[in-house]
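Trainee: Below you'll find structure-v7.csv; it's CSV, C-alpha atoms and all ligand atoms.
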```csv
chain,number,residue,atom,x,y,z
A,12,MET,CA,110.4,-128.9,-6.9
A,13,GLY,CA,112.2,-129.4,-10.2
A,14,ALA,CA,115.0,-131.7,-11.1
A,15,GLY,CA,118.3,-130.0,-12.0
A,16,ARG,CA,117.9,-127.2,-9.4
A,17,ILE,CA,120.9,-125.2,-8.8
A,18,THR,CA,122.0,-123.6,-5.5
A,19,LEU,CA,123.3,-120.1,-4.9
A,20,LEU,CA,124.7,-119.4,-1.5
A,21,GLY,CA,122.3,-122.1,-0.2
A,22,VAL,CA,119.3,-120.8,-2.0
A,23,PRO,CA,117.8,-123.1,-4.6
A,24,PHE,CA,116.9,-121.8,-8.1
A,25,ASP,CA,115.0,-123.6,-10.9
A,26,PRO,CA,117.0,-123.0,-14.1
A,27,LEU,CA,114.0,-122.0,-16.1
A,28,GLY,CA,113.3,-119.2,-18.5
A,29,MET,CA,110.1,-117.3,-18.6
A,30,GLU,CA,108.2,-119.6,-20.9
A,31,GLU,CA,109.2,-122.7,-18.9
A,32,ALA,CA,108.3,-121.0,-15.6
A,33,VAL,CA,104.8,-120.1,-16.9
A,34,ALA,CA,104.4,-123.7,-18.1
A,35,ARG,CA,105.4,-125.0,-14.7
A,36,ILE,CA,102.9,-122.8,-13.0
A,37,ALA,CA,100.2,-123.9,-15.5
A,38,SER,CA,100.9,-127.5,-14.4
A,39,PHE,CA,100.6,-126.5,-10.7
A,40,LEU,CA,97.1,-125.2,-11.5
A,41,THR,CA,95.9,-128.7,-12.3
A,42,GLY,CA,96.7,-130.0,-8.8
A,43,GLY,CA,95.0,-129.5,-5.5
A,44,GLU,CA,97.7,-128.4,-3.0
A,45,CYS,CA,99.0,-124.8,-2.7
A,46,HIS,CA,102.2,-124.3,-4.7
A,47,GLN,CA,104.4,-121.5,-3.5
A,48,VAL,CA,106.3,-119.6,-6.2
A,49,VAL,CA,109.2,-117.3,-5.3
A,50,THR,CA,110.9,-114.8,-7.6
A,51,ALA,CA,114.2,-114.4,-5.8
A,52,ASN,CA,116.8,-111.6,-6.3
A,53,PRO,CA,120.2,-110.9,-4.7
A,54,GLU,CA,118.5,-109.2,-1.8
A,55,THR,CA,116.4,-112.3,-1.2
A,56,VAL,CA,119.6,-114.5,-1.2
A,57,MET,CA,121.4,-112.2,1.2
A,58,LYS,CA,118.4,-112.0,3.5
A,59,ALA,CA,118.1,-115.8,3.5
A,60,GLY,CA,121.7,-116.0,4.7
A,61,GLU,CA,120.7,-114.4,7.9
A,62,ASP,CA,117.1,-115.5,8.2
A,63,ARG,CA,116.7,-119.2,8.7
A,64,GLU,CA,112.9,-119.2,8.4
A,65,LEU,CA,113.2,-117.5,5.0
A,66,MET,CA,115.9,-120.0,3.9
A,67,GLU,CA,113.7,-122.9,4.8
A,68,ILE,CA,110.7,-121.4,3.0
A,69,LEU,CA,112.8,-121.0,-0.2
A,70,GLN,CA,114.0,-124.6,0.1
A,71,ALA,CA,110.5,-125.8,0.4
A,72,ALA,CA,109.1,-123.6,-2.4
A,73,HIS,CA,107.7,-125.4,-5.5
A,74,LEU,CA,109.3,-122.9,-7.9
A,75,VAL,CA,112.1,-120.4,-7.4
A,76,VAL,CA,113.1,-118.2,-10.4
A,77,ALA,CA,116.0,-115.9,-11.0
A,78,ASP,CA,114.5,-112.4,-10.5
A,79,GLY,CA,117.2,-110.1,-12.0
A,80,ILE,CA,120.5,-109.9,-13.7
A,81,GLY,CA,122.5,-110.3,-10.4
A,82,ILE,CA,121.2,-113.9,-10.0
A,83,VAL,CA,121.8,-114.7,-13.7
A,84,TRP,CA,125.4,-113.4,-13.5
A,85,ALA,CA,126.1,-115.2,-10.2
A,86,ALA,CA,124.7,-118.5,-11.5
A,87,ARG,CA,126.9,-118.2,-14.7
A,88,TRP,CA,130.0,-117.3,-12.6
A,89,LEU,CA,129.5,-120.3,-10.4
A,90,GLY,CA,129.3,-122.6,-13.4
A,91,THR,CA,125.6,-123.5,-12.9
A,92,PRO,CA,123.9,-121.1,-15.3
A,93,VAL,CA,120.2,-120.2,-15.5
A,94,PRO,CA,118.8,-119.4,-18.9
A,95,GLU,CA,117.6,-115.9,-18.3
A,96,ARG,CA,116.2,-113.5,-15.8
A,97,VAL,CA,112.5,-113.9,-14.9
A,98,PRO,CA,111.5,-110.5,-13.5
A,99,GLY,CA,108.7,-110.9,-10.8
A,100,ILE,CA,106.6,-108.2,-12.4
A,101,GLU,CA,106.7,-109.9,-15.8
A,102,LEU,CA,106.0,-113.3,-14.3
A,103,ALA,CA,103.0,-111.9,-12.4
A,104,ALA,CA,101.7,-110.4,-15.6
A,105,ARG,CA,102.1,-113.7,-17.5
A,106,ILE,CA,100.2,-115.5,-14.7
A,107,VAL,CA,97.4,-113.0,-14.9
A,108,ASP,CA,97.3,-113.5,-18.7
A,109,LEU,CA,97.2,-117.3,-18.2
A,110,ALA,CA,94.4,-116.9,-15.7
A,111,ALA,CA,92.4,-114.7,-18.2
A,112,GLN,CA,92.8,-117.2,-21.0
A,113,ARG,CA,92.0,-120.3,-19.0
A,114,GLY,CA,89.4,-118.9,-16.6
A,115,TYR,CA,91.4,-119.2,-13.4
A,116,ARG,CA,90.2,-116.8,-10.6
A,117,VAL,CA,92.8,-114.4,-9.2
A,118,TYR,CA,92.9,-112.8,-5.8
A,119,LEU,CA,95.1,-109.6,-5.2
A,120,LEU,CA,96.4,-109.1,-1.7
A,121,GLY,CA,98.8,-106.3,-0.7
A,122,GLY,CA,99.7,-102.6,-1.2
A,123,ALA,CA,98.3,-99.5,0.4
A,124,PRO,CA,94.5,-99.2,0.8
A,125,GLY,CA,93.0,-98.8,-2.7
A,126,VAL,CA,96.0,-100.1,-4.7
A,127,ALA,CA,94.8,-103.7,-5.1
A,128,ALA,CA,91.4,-102.5,-6.1
A,129,GLU,CA,92.9,-100.1,-8.6
A,130,ALA,CA,95.2,-102.9,-9.9
A,131,ALA,CA,92.2,-105.2,-10.3
A,132,ARG,CA,90.4,-102.5,-12.5
A,133,CYS,CA,93.5,-102.0,-14.6
A,134,LEU,CA,94.2,-105.7,-15.1
A,135,GLU,CA,90.5,-106.5,-16.0
A,136,LYS,CA,90.8,-103.8,-18.7
A,137,ARG,CA,94.1,-105.1,-20.0
A,138,TYR,CA,93.2,-108.8,-19.9
A,139,PRO,CA,89.6,-109.3,-21.1
A,140,GLY,CA,87.9,-112.2,-19.5
A,141,LEU,CA,90.0,-112.0,-16.3
A,142,VAL,CA,88.1,-112.8,-13.1
A,143,ILE,CA,89.4,-111.1,-10.0
A,144,ALA,CA,87.9,-113.1,-7.1
A,145,GLY,CA,88.7,-110.5,-4.5
A,146,VAL,CA,91.1,-107.8,-3.3
A,147,GLN,CA,92.6,-106.9,0.1
A,148,HIS,CA,95.1,-104.2,1.0
A,149,GLY,CA,98.3,-105.1,2.7
A,150,TYR,CA,98.2,-103.1,5.9
A,151,PHE,CA,96.1,-105.3,8.1
A,152,THR,CA,97.1,-106.2,11.7
A,153,PRO,CA,98.3,-109.6,12.9
A,154,GLU,CA,94.9,-109.9,14.7
A,155,GLU,CA,93.2,-109.5,11.3
A,156,GLU,CA,95.2,-112.2,9.6
A,157,GLU,CA,92.6,-114.9,10.4
A,158,ARG,CA,89.8,-112.9,8.8
A,159,VAL,CA,92.0,-112.1,5.7
A,160,VAL,CA,92.8,-115.8,5.2
A,161,ALA,CA,89.2,-116.8,5.6
A,162,GLU,CA,88.1,-114.1,3.1
A,163,VAL,CA,90.6,-115.3,0.5
A,164,ALA,CA,89.5,-118.9,1.0
A,165,ALA,CA,85.8,-118.0,0.8
A,166,ALA,CA,86.5,-116.2,-2.5
A,167,ARG,CA,87.7,-119.5,-4.0
A,168,PRO,CA,90.5,-118.1,-6.2
A,169,HIS,CA,92.9,-120.5,-8.0
A,170,ILE,CA,95.8,-118.0,-7.9
A,171,LEU,CA,96.9,-115.6,-5.1
A,172,LEU,CA,99.2,-112.7,-5.7
A,173,VAL,CA,100.7,-111.4,-2.5
A,174,GLY,CA,102.4,-108.0,-2.5
A,175,LEU,CA,103.6,-107.4,1.0
A,176,GLY,CA,107.3,-107.0,0.2
A,177,MET,CA,110.0,-109.6,0.7
A,178,PRO,CA,110.3,-111.6,3.0
A,179,LYS,CA,106.9,-110.7,4.6
A,180,GLN,CA,105.0,-112.0,1.6
A,181,GLU,CA,106.9,-115.3,1.5
A,182,LYS,CA,106.4,-115.9,5.2
A,183,TRP,CA,102.7,-115.0,5.0
A,184,ILE,CA,102.1,-117.4,2.1
A,185,TYR,CA,104.0,-120.2,3.8
A,186,ARG,CA,102.3,-119.8,7.1
A,187,ASN,CA,98.8,-119.9,5.6
A,188,ARG,CA,99.4,-122.1,2.6
A,189,GLN,CA,97.2,-124.9,3.8
A,190,ARG,CA,94.2,-122.7,4.6
A,191,LEU,CA,94.1,-120.5,1.6
A,192,GLY,CA,92.6,-123.0,-0.8
A,193,VAL,CA,94.6,-121.8,-3.8
A,194,GLN,CA,96.7,-123.8,-6.2
A,195,VAL,CA,99.3,-121.1,-6.8
A,196,ALA,CA,100.5,-118.4,-4.4
A,197,ILE,CA,103.3,-116.0,-5.4
A,198,GLY,CA,104.9,-113.0,-3.7
A,199,VAL,CA,104.9,-110.1,-6.1
A,200,GLY,CA,106.5,-107.3,-4.1
A,201,GLY,CA,105.5,-103.9,-5.5
A,202,SER,CA,103.9,-105.3,-8.7
A,203,LEU,CA,100.4,-104.3,-7.6
A,204,ASP,CA,101.6,-100.7,-7.4
A,205,VAL,CA,102.8,-101.1,-11.0
A,206,PHE,CA,99.6,-102.7,-12.2
A,207,ALA,CA,97.6,-99.9,-10.5
A,208,GLY,CA,99.7,-97.4,-12.4
A,209,ARG,CA,101.1,-95.9,-9.2
A,210,VAL,CA,104.8,-96.9,-9.9
A,211,ARG,CA,106.3,-96.9,-13.4
A,212,ARG,CA,108.7,-99.5,-14.6
A,213,ALA,CA,112.1,-98.5,-16.1
A,214,PRO,CA,112.1,-97.8,-19.9
A,215,GLY,CA,112.8,-100.8,-22.2
A,216,TRP,CA,116.3,-99.8,-23.0
A,217,MET,CA,117.2,-99.8,-19.3
A,218,ARG,CA,115.5,-103.1,-18.7
A,219,ARG,CA,117.3,-104.8,-21.6
A,220,ARG,CA,120.6,-103.6,-20.3
A,221,GLY,CA,119.8,-105.0,-16.8
A,222,LEU,CA,119.5,-101.5,-15.3
A,223,GLU,CA,116.1,-101.7,-13.8
A,224,TRP,CA,117.6,-101.6,-10.4
A,225,LEU,CA,119.2,-98.2,-11.2
A,226,TYR,CA,115.9,-96.7,-12.3
A,227,ARG,CA,114.2,-97.9,-9.2
A,228,LEU,CA,116.9,-96.4,-7.1
A,229,LEU,CA,116.6,-93.0,-8.9
A,230,PHE,CA,112.9,-92.8,-8.3
A,231,GLN,CA,112.7,-94.5,-4.9
A,232,PRO,CA,116.0,-93.4,-3.3
A,233,GLN,CA,114.7,-94.9,0.0
A,234,ARG,CA,115.8,-98.2,-1.6
A,235,LEU,CA,119.5,-97.3,-1.3
A,236,LEU,CA,120.0,-99.2,2.0
A,237,ARG,CA,118.3,-102.3,0.7
A,238,MET,CA,120.3,-102.1,-2.5
A,239,LEU,CA,123.5,-102.4,-0.6
A,240,ALA,CA,122.7,-106.1,-0.6
A,241,LEU,CA,123.7,-106.2,-4.2
A,242,PRO,CA,127.5,-105.4,-3.8
A,243,ARG,CA,127.5,-107.6,-0.7
A,244,PHE,CA,126.0,-110.4,-2.8
A,245,VAL,CA,128.6,-109.9,-5.5
A,246,LEU,CA,131.5,-110.0,-3.1
A,247,LYS,CA,130.1,-113.1,-1.4
A,248,VAL,CA,129.7,-114.9,-4.8
A,249,LEU,CA,133.2,-113.9,-5.8
A,250,ALA,CA,134.6,-115.1,-2.5
A,251,ARG,CA,132.9,-118.5,-3.1
A,252,GLY,CA,134.9,-118.8,-6.3
A,253,ARG,CA,134.0,-120.8,-9.4
A,254,THR,CA,133.1,-124.4,-9.1
B,1,LIG,N1,103.4,-103.6,1.7
B,1,LIG,C1,102.2,-104.0,2.2
B,1,LIG,N2,102.1,-104.3,3.5
B,1,LIG,C2,103.2,-104.1,4.4
B,1,LIG,C3,104.4,-103.7,3.8
B,1,LIG,C4,104.5,-103.5,2.4
B,1,LIG,O1,101.2,-104.2,1.5
B,1,LIG,O2,103.1,-104.3,5.5
B,1,LIG,C5,103.4,-103.4,0.2
B,1,LIG,C6,103.9,-102.0,-0.2
B,1,LIG,O3,102.7,-101.2,-0.2
B,1,LIG,C7,104.4,-102.3,-1.6
B,1,LIG,C8,105.0,-103.7,-1.5
B,1,LIG,O4,104.4,-104.2,-0.3
B,1,LIG,O5,103.3,-102.4,-2.5
B,1,LIG,C9,106.5,-103.8,-1.4
B,1,LIG,O6,107.0,-103.2,-2.5
B,1,LIG,P1,108.6,-103.2,-2.8
B,1,LIG,O7,108.7,-102.5,-4.1
B,1,LIG,O8,109.3,-102.7,-1.6
B,1,LIG,O9,108.8,-104.8,-2.9
B,1,LIG,P2,109.9,-105.6,-3.7
B,1,LIG,O10,109.3,-105.8,-5.0
B,1,LIG,O11,111.1,-104.8,-3.7
B,1,LIG,O12,109.9,-106.8,-2.8
```
When written as structure tokens, how does the structure in this file appear?
Mentor:
Amino acid sequence: MGAGRITLLGVPFDPLGMEEAVARIASFLTGGECHQVVTANPETVMKAGEDRELMEILQAAHLVVADGIGIVWAARWLGTPVPERVPGIELAARIVDLAAQRGYRVYLLGGAPGVAAEAARCLEKRYPGLVIAGVQHGYFTPEEEERVVAEVAAARPHILLVGLGMPKQEKWIYRNRQRLGVQVAIGVGGSLDVFAGRVRRAPGWMRRRGLEWLYRLLFQPQRLLRMLALPRFVLKVLARGRT
């Protein structure tokens, strides 16, 4: 938990840019306990407002970064700015890069059957030297959870990427943090689908203009309901007023 944390509608954020976030995660990798990293977007903040368990997990997390332009805007509006957005997919890629360079073992958990394995192949190609300690798809039953946790621990990874969607992945990590045997666990949403080449990211010009959400909406229209969290978030922040 960093000093100088800001709070948005009750959710803590570490005001760190990408480079600082990566450096913080690198420092976690030298310690023994499991550090939970969360990339939180407006949907996360709105969900935490109605889900006490999620709110408590966010408050206990070792690092919470601003995933998306909505959080950057709100933090600035409220007078407690964060330096830049730290998109979950980019942070996940930087963590994998760090792992490849320093010899940390990475475990990929989540996605439809075959996705994590495909993501592993693509990442190993893209980051020479990367060691994927193991993979597991994200559609196991609650009864299988014990086995999955035991398999992760037995593979002895340093870093665990969990792509089960928010808030399932945050709860899964928190619930099992003491038994996973990893130093860093991070929820990565649909990043494994992107790493596996199954879902494309928005083109650079859209990302730079903060329009990635629009691209995702166009190609995954089933996200519309979820995205209504964004206008609700904006209204709530405006109602809160500037400090
Ligand atoms: N997923 C999973 N198990 C589940 C539900 C979802 O592995 O029980 C995966 C799903 O296949 C997808 C990811 O979780 O890869 C969620 O992706 P989404 O883009 O919705 O997540 P976000 O990044 O928006 O949190």
Trainee: At a cut-off of 12 Å, using all atoms listed in the file, what residues contact Gly221 in chain A? Leave out same-chain residues fewer than 2 positions from it and give the result as a PDB file with C-alpha atoms, in the coordinates of the input.
Mentor:
```pdb
ATOM      1  CA  ASP A  78     114.500-112.400 -10.500  1.00  0.00           C
ATOM      2  CA  GLY A  79     117.200-110.100 -12.000  1.00  0.00           C
ATOM      3  CA  ILE A  80     120.500-109.900 -13.700  1.00  0.00           C
ATOM      4  CA  GLY A  81     122.500-110.300 -10.400  1.00  0.00           C
ATOM      5  CA  ILE A  82     121.200-113.900 -10.000  1.00  0.00           C
ATOM      6  CA  VAL A  83     121.800-114.700 -13.700  1.00  0.00           C
ATOM      7  CA  TRP A  84     125.400-113.400 -13.500  1.00  0.00           C
ATOM      8  CA  GLU A  95     117.600-115.900 -18.300  1.00  0.00           C
ATOM      9  CA  ARG A  96     116.200-113.500 -15.800  1.00  0.00           C
ATOM     10  CA  VAL A  97     112.500-113.900 -14.900  1.00  0.00           C
ATOM     11  CA  PRO A  98     111.500-110.500 -13.500  1.00  0.00           C
ATOM     12  CA  ALA A 213     112.100 -98.500 -16.100  1.00  0.00           C
ATOM     13  CA  PRO A 214     112.100 -97.800 -19.900  1.00  0.00           C
ATOM     14  CA  GLY A 215     112.800-100.800 -22.200  1.00  0.00           C
ATOM     15  CA  TRP A 216     116.300 -99.800 -23.000  1.00  0.00           C
ATOM     16  CA  MET A 217     117.200 -99.800 -19.300  1.00  0.00           C
ATOM     17  CA  ARG A 218     115.500-103.100 -18.700  1.00  0.00           C
ATOM     18  CA  ARG A 219     117.300-104.800 -21.600  1.00  0.00           C
ATOM     19  CA  GLU A 223     116.100-101.700 -13.800  1.00  0.00           C
ATOM     20  CA  TRP A 224     117.600-101.600 -10.400  1.00  0.00           C
ATOM     21  CA  LEU A 225     119.200 -98.200 -11.200  1.00  0.00           C
ATOM     22  CA  TYR A 226     115.900 -96.700 -12.300  1.00  0.00           C
ATOM     23  CA  ARG A 227     114.200 -97.900  -9.200  1.00  0.00           C
TER      24      ARG A 227
END
```
Trainee: Please write out the residues within 6 Å of ligand LIG 1 (chain B) as a list in words, counting all atoms listed in the file.
Mentor: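 So the residues close to ligand LIG 1 (chain B) are Gly121, Gly122, Ala123, Gly149, Tyr150, Gly174, Leu175, Gly176, Met177, Gly200, Gly201 and Asp204 of chain A.
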Trainee: So which residues touch Leu120 in chain A within 12 Å, counting all atoms listed in the file, skipping near sequence neighbours fewer than 2 positions away, as a ChimeraX atom specification?
Mentor: /A:117-118,122-131,143-151,156,159-160,162-163,168,170-176,180,183-184,196-204
Trainee: Measuring atom to atom with only C-alpha atoms, identify which of A:Arg116, A:Arg209, A:Arg16, A:His73 is nearest to Leu141 in chain A.
Mentor: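 For Leu141 in chain A, the nearest of the candidates is A:Arg116.
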Trainee: Measuring atom to atom with all atoms listed in the file, identify which of A:Leu228, A:Ala32, A:Ala37, A:Ala240 is nearest to Arg113 in chain A.
Mentor: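 That would be A:Ala37, the residue with the smallest distance to Arg113 in chain A.
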Trainee: Excluding Ala250 in chain A and residues on its chain fewer than 6 positions from it, collect all residues at most 12 Å away from it, counting only C-alpha atoms, and give them as a PyMOL selection string.
Mentor: chain A and resi 20+85+88-89+243-244
Trainee: Export, as a compact mmCIF listing (two decimals), in the coordinates of the input, the selected residues with C-alpha atoms.
Mentor:
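The resulting file, again.txt, is reproduced below:
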```
# COMPACT_ATOMS: atom_id res chain seq x y z
CA LEU A 20 124.70 -119.40 -1.50
CA ALA A 85 126.10 -115.20 -10.20
CA TRP A 88 130.00 -117.30 -12.60
CA LEU A 89 129.50 -120.30 -10.40
CA ARG A 243 127.50 -107.60 -0.70
CA PHE A 244 126.00 -110.40 -2.80
```
Trainee: Could you work out how far CA of Ile100 in chain A lies from CA of Leu229 in chain A, giving the answer in Å with one decimal?
Mentor: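 Calculated distance between CA of Leu229 in chain A and CA of Ile100 in chain A is 18.5 Å.
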Trainee: Which is closest to Tyr185 in chain A among A:Leu65, A:Lys58, A:Ala34, A:Pro242, if we use only C-alpha atoms?
Mentor: A:Leu65
